[in-house]
Amino acid sequence: MKTLHFFALMLIIVISTPLVSQDGNNETSAYLTVDATGTETISRHIYGHFSEHLGHCIYGGYWVGYDSEIPNTRGIRNDVVEALRNIAIPNLRWPGGCFADEYHWMDGIGDPAARPKMVNTHWGGVTEDNSFGTHEFMELCEQLGTEPVICGNVGSGTIKEMSQWVEYLNFDGISPMSDLRRVNGRESAWGVKYWGVGNENWGCGGNMTADFYADQYRRYATYCRNYGDNRLFKIAGGANSEDFGWTETLMKKIPHHMMNGISLHYYTTDWNNKGPATGFGEDHYFDVLKRCLHIEGAIDQHMEIMDKFDPEKRVALVFDEWGTWYDVEPGTNPGFLYQQNSMRDALVAGLTLNYLNARCERVRMANIAQTINVLQALIFTDGDQMVLTPTYHIYDMYQVHHDATLLPQTLEGPDYVLDSESLPAISASASMDQDGRIHLSLVNIDPGKAIDIQVELKGKSSAKVTGQLLSSEMMDSHNSFAQPEEVVPVVFEEARFKKGKLELTIPAHSVIVLQVD
Ligand code: AHR
């Protein structure tokens, strides 16, 4: 009888022990517990974009001009608009970047033939002919069905200039700027809400100190007026990666009623040795993912500082530039920041979006850099051709998290180990949409091991499960104009409820998004 008890006990222990063990790097199992309800909303604006006058992002990427043979609507490429509408991009930040602080918006309105030309000193020293300006950008946002996020010029522009831009865009009555807008063909105000007051003002935006910028912000922001019912959401130019002092100074010196958000920029790169976008070894693969995960902790530190001054979380953290940054593709203009985009970039996107979801209480906007042909692009264009990158497919699969309720989770899983370093191999995020469906996004960064995962969904022990998988043969598999479908999502049907738990295997270096009805 005693023996029987012993074996029964052992059986219970084996069955109820999570698949993951606490010690072994060799373990290939993970255990995720997801709560049935949550209180925070994942703002769709976390899935925002950034497009600068840089390389072929605007010119050739969106804008081909009225006379182009590439199919377009009022100068904007139809294929790109359709692709971005398919992933419901919630916002688009423009015109920079560093370009923003040398952009004078009045050069980009009126008769295109009469618009002055300028040198784009930051990006390749090319001539900017200002053919894509305010009206063209607002037309683009209307075609995309997306919210404009405009970054004004603090570095080399005047308070008057910024104030007039807001008036031009947003005032419906009679005034010098609204009259000018009408002369230029637009009767009603656009009502732009999201307004950046400078960009990287610690660097290309004027090389200011945090104290100086905070004072400048107060002056510039004062004259960015609200017109009619429109309430500007003003974003202060925030810190570079781990410059916590910058965040602290701005939180301390800028009255919180004057600032709705404070930005943060972080690029996943080794500035001394960026390395190639494809054709890399495992060392470089590991290093990029390590740097991507590293910012998670840094974001927490910025948030702690913000909590200290703003415990009610009135001021949003706006992560308005992030993404991978590698060596440019051989033979391309170094100032154009054109790089390939592989499965590794899809993993970076999946990890980043998972950890931004988890911080949605404070992080209420983020913008990947940059949408087309630049840095971690979602789309490449070449003449009339267009190709979607693995990063695009992540944004497609993750749409389900837009404005959904974040479901709190706990995750135990194995490490991905290289030499003496290790990273958590699995990342997850869970949300519930307005129809009560649960969505799980799961990332496995281990390039060599598939990982079994058991998911305990509290309050759900069986349901219909559907899914999509993005995986690839190689770590650096990518899409090209010749092979546009090398890395594309496929239907994933291998997730099943067994004894009340959802079970599946996540292939090496892959991302899965599941829907549980
Ligand atoms: O995205 C490229 C550049 O990176 C942006 O112009 C600038 O803000 C950042 O340094």
# chains A, B, ... in the order shown; residues from 1 in each chain; ligands from 1
>>> residues_around(residues="His302 of chain A", least_positions_apart="4", cutoff="8 Å", atoms="only C-alpha atoms", output="mmCIF file with N, CA, C and O atoms, in the first residue's frame")
data_model
loop_
_atom_site.group_PDB
_atom_site.id
_atom_site.type_symbol
_atom_site.label_atom_id
_atom_site.label_comp_id
_atom_site.auth_asym_id
_atom_site.auth_seq_id
_atom_site.Cartn_x
_atom_site.Cartn_y
_atom_site.Cartn_z
ATOM 1 N N PHE A 244 19.476 58.609 -18.682
ATOM 2 C CA PHE A 244 18.382 58.758 -17.713
ATOM 3 C C PHE A 244 18.301 60.178 -17.168
ATOM 4 O O PHE A 244 17.243 60.651 -16.790
ATOM 5 N N THR A 247 15.855 62.340 -19.158
ATOM 6 C CA THR A 247 14.444 62.115 -18.787
ATOM 7 C C THR A 247 14.137 62.794 -17.454
ATOM 8 O O THR A 247 13.107 63.459 -17.295
ATOM 9 N N ALA A 298 16.286 49.192 -19.782
ATOM 10 C CA ALA A 298 16.493 50.643 -19.822
ATOM 11 C C ALA A 298 15.151 51.371 -19.861
ATOM 12 O O ALA A 298 14.976 52.407 -19.216
ATOM 13 N N MET A 306 10.012 58.466 -14.524
ATOM 14 C CA MET A 306 8.738 59.131 -14.818
ATOM 15 C C MET A 306 7.748 58.898 -13.679
ATOM 16 O O MET A 306 7.018 59.812 -13.274
#
>>> residues_near_ligand(ligand="ligand 1", cutoff="6 Å", atoms="only C-alpha atoms and all ligand atoms", output="ChimeraX atom specification")
/A:96-98,200,369
>>> residues_around(residues="Ile150 of chain A", least_positions_apart="6", cutoff="10 Å", atoms="only C-alpha atoms", output="count of residues only")
19
>>> residues_around(residues="Phe171 of chain A", least_positions_apart="6", cutoff="10 Å", atoms="only C-alpha atoms", output="JSON, numbers by chain")
{"A": [164, 165, 177, 178, 179, 181, 188, 189, 190, 191, 225, 226, 227, 228, 230]}
>>> closest_residue(among="A:Thr158, A:Thr324, A:Gln301, A:Thr389", to="Val288 of chain A", atoms="only C-alpha atoms")
A:Thr324
>>> decode(residues="segment 89-101 of chain A", atoms="all heavy atoms", output="short mmCIF file (atom, residue, chain, number, x, y, z; two decimals), in the first residue's frame")
data_model
loop_
_atom_site.label_atom_id
_atom_site.label_comp_id
_atom_site.auth_asym_id
_atom_site.auth_seq_id
_atom_site.Cartn_x
_atom_site.Cartn_y
_atom_site.Cartn_z
N ILE A 89 -1.72 50.75 -40.28
CA ILE A 89 -0.74 51.54 -39.52
C ILE A 89 -1.49 52.69 -38.81
O ILE A 89 -2.25 53.43 -39.42
CB ILE A 89 0.47 52.02 -40.33
CG1 ILE A 89 0.15 53.14 -41.29
CG2 ILE A 89 1.15 50.89 -41.06
CD1 ILE A 89 1.40 53.86 -41.78
N PRO A 90 -1.29 52.81 -37.50
CA PRO A 90 -2.10 53.76 -36.73
C PRO A 90 -1.61 55.20 -36.82
O PRO A 90 -2.39 56.13 -36.63
CB PRO A 90 -1.96 53.25 -35.30
CG PRO A 90 -0.64 52.55 -35.28
CD PRO A 90 -0.43 51.98 -36.64
N ASN A 91 -0.32 55.37 -37.07
CA ASN A 91 0.21 56.74 -37.15
C ASN A 91 1.49 56.73 -37.98
O ASN A 91 2.12 55.69 -38.17
CB ASN A 91 0.48 57.32 -35.75
CG ASN A 91 1.59 56.61 -35.03
OD1 ASN A 91 2.74 56.60 -35.49
ND2 ASN A 91 1.29 55.99 -33.90
N LEU A 92 1.85 57.92 -38.44
CA LEU A 92 3.07 58.07 -39.23
C LEU A 92 3.78 59.35 -38.79
O LEU A 92 3.21 60.44 -38.88
CB LEU A 92 2.71 58.14 -40.72
CG LEU A 92 3.87 58.19 -41.70
CD1 LEU A 92 4.78 56.98 -41.57
CD2 LEU A 92 3.34 58.29 -43.14
N ARG A 93 5.00 59.18 -38.29
CA ARG A 93 5.80 60.32 -37.81
C ARG A 93 6.64 60.86 -38.97
O ARG A 93 7.30 60.10 -39.69
CB ARG A 93 6.68 59.85 -36.66
CG ARG A 93 7.62 60.90 -36.09
CD ARG A 93 8.30 60.34 -34.85
NE ARG A 93 9.19 61.31 -34.24
CZ ARG A 93 10.51 61.31 -34.35
NH1 ARG A 93 11.11 60.36 -35.06
NH2 ARG A 93 11.23 62.22 -33.74
N TRP A 94 6.70 62.18 -39.11
CA TRP A 94 7.33 62.85 -40.26
C TRP A 94 7.63 64.28 -39.86
O TRP A 94 6.97 64.80 -38.96
CB TRP A 94 6.31 62.81 -41.43
CG TRP A 94 6.69 63.61 -42.64
CD1 TRP A 94 7.46 63.22 -43.68
CD2 TRP A 94 6.27 64.95 -42.94
NE1 TRP A 94 7.56 64.23 -44.61
CE2 TRP A 94 6.83 65.31 -44.17
CE3 TRP A 94 5.47 65.90 -42.28
CZ2 TRP A 94 6.64 66.55 -44.77
CZ3 TRP A 94 5.28 67.15 -42.86
CH2 TRP A 94 5.85 67.46 -44.09
N PRO A 95 8.59 65.01 -40.42
CA PRO A 95 9.45 64.69 -41.55
C PRO A 95 10.81 64.12 -41.11
O PRO A 95 11.63 63.78 -41.93
CB PRO A 95 9.67 66.05 -42.21
CG PRO A 95 9.61 67.03 -41.08
CD PRO A 95 8.65 66.45 -40.07
N GLY A 96 11.09 64.08 -39.83
CA GLY A 96 12.31 63.46 -39.29
C GLY A 96 12.08 63.23 -37.83
O GLY A 96 10.98 63.56 -37.32
N GLY A 97 13.07 62.68 -37.15
CA GLY A 97 14.45 62.54 -37.49
C GLY A 97 15.23 63.86 -37.49
O GLY A 97 14.71 64.95 -37.27
N CYS A 98 16.50 63.64 -37.73
CA CYS A 98 17.42 64.78 -37.82
C CYS A 98 16.95 65.80 -38.86
O CYS A 98 17.18 67.00 -38.70
CB CYS A 98 18.83 64.29 -38.15
SG CYS A 98 19.55 63.27 -36.85
N PHE A 99 16.28 65.31 -39.90
CA PHE A 99 15.82 66.22 -40.95
C PHE A 99 14.84 67.25 -40.38
O PHE A 99 14.78 68.39 -40.86
CB PHE A 99 15.16 65.41 -42.08
CG PHE A 99 14.71 66.24 -43.24
CD1 PHE A 99 15.62 66.72 -44.17
CD2 PHE A 99 13.36 66.56 -43.40
CE1 PHE A 99 15.20 67.51 -45.24
CE2 PHE A 99 12.93 67.34 -44.47
CZ PHE A 99 13.86 67.82 -45.39
N ALA A 100 14.08 66.85 -39.37
CA ALA A 100 13.03 67.73 -38.83
C ALA A 100 13.60 69.06 -38.34
O ALA A 100 12.96 70.11 -38.49
CB ALA A 100 12.28 67.04 -37.70
N ASP A 101 14.81 69.01 -37.76
CA ASP A 101 15.36 70.22 -37.16
C ASP A 101 16.13 71.09 -38.15
O ASP A 101 16.79 72.05 -37.75
CB ASP A 101 16.20 69.86 -35.92
CG ASP A 101 15.31 69.56 -34.74
OD1 ASP A 101 14.87 70.51 -34.07
OD2 ASP A 101 15.01 68.38 -34.51
#
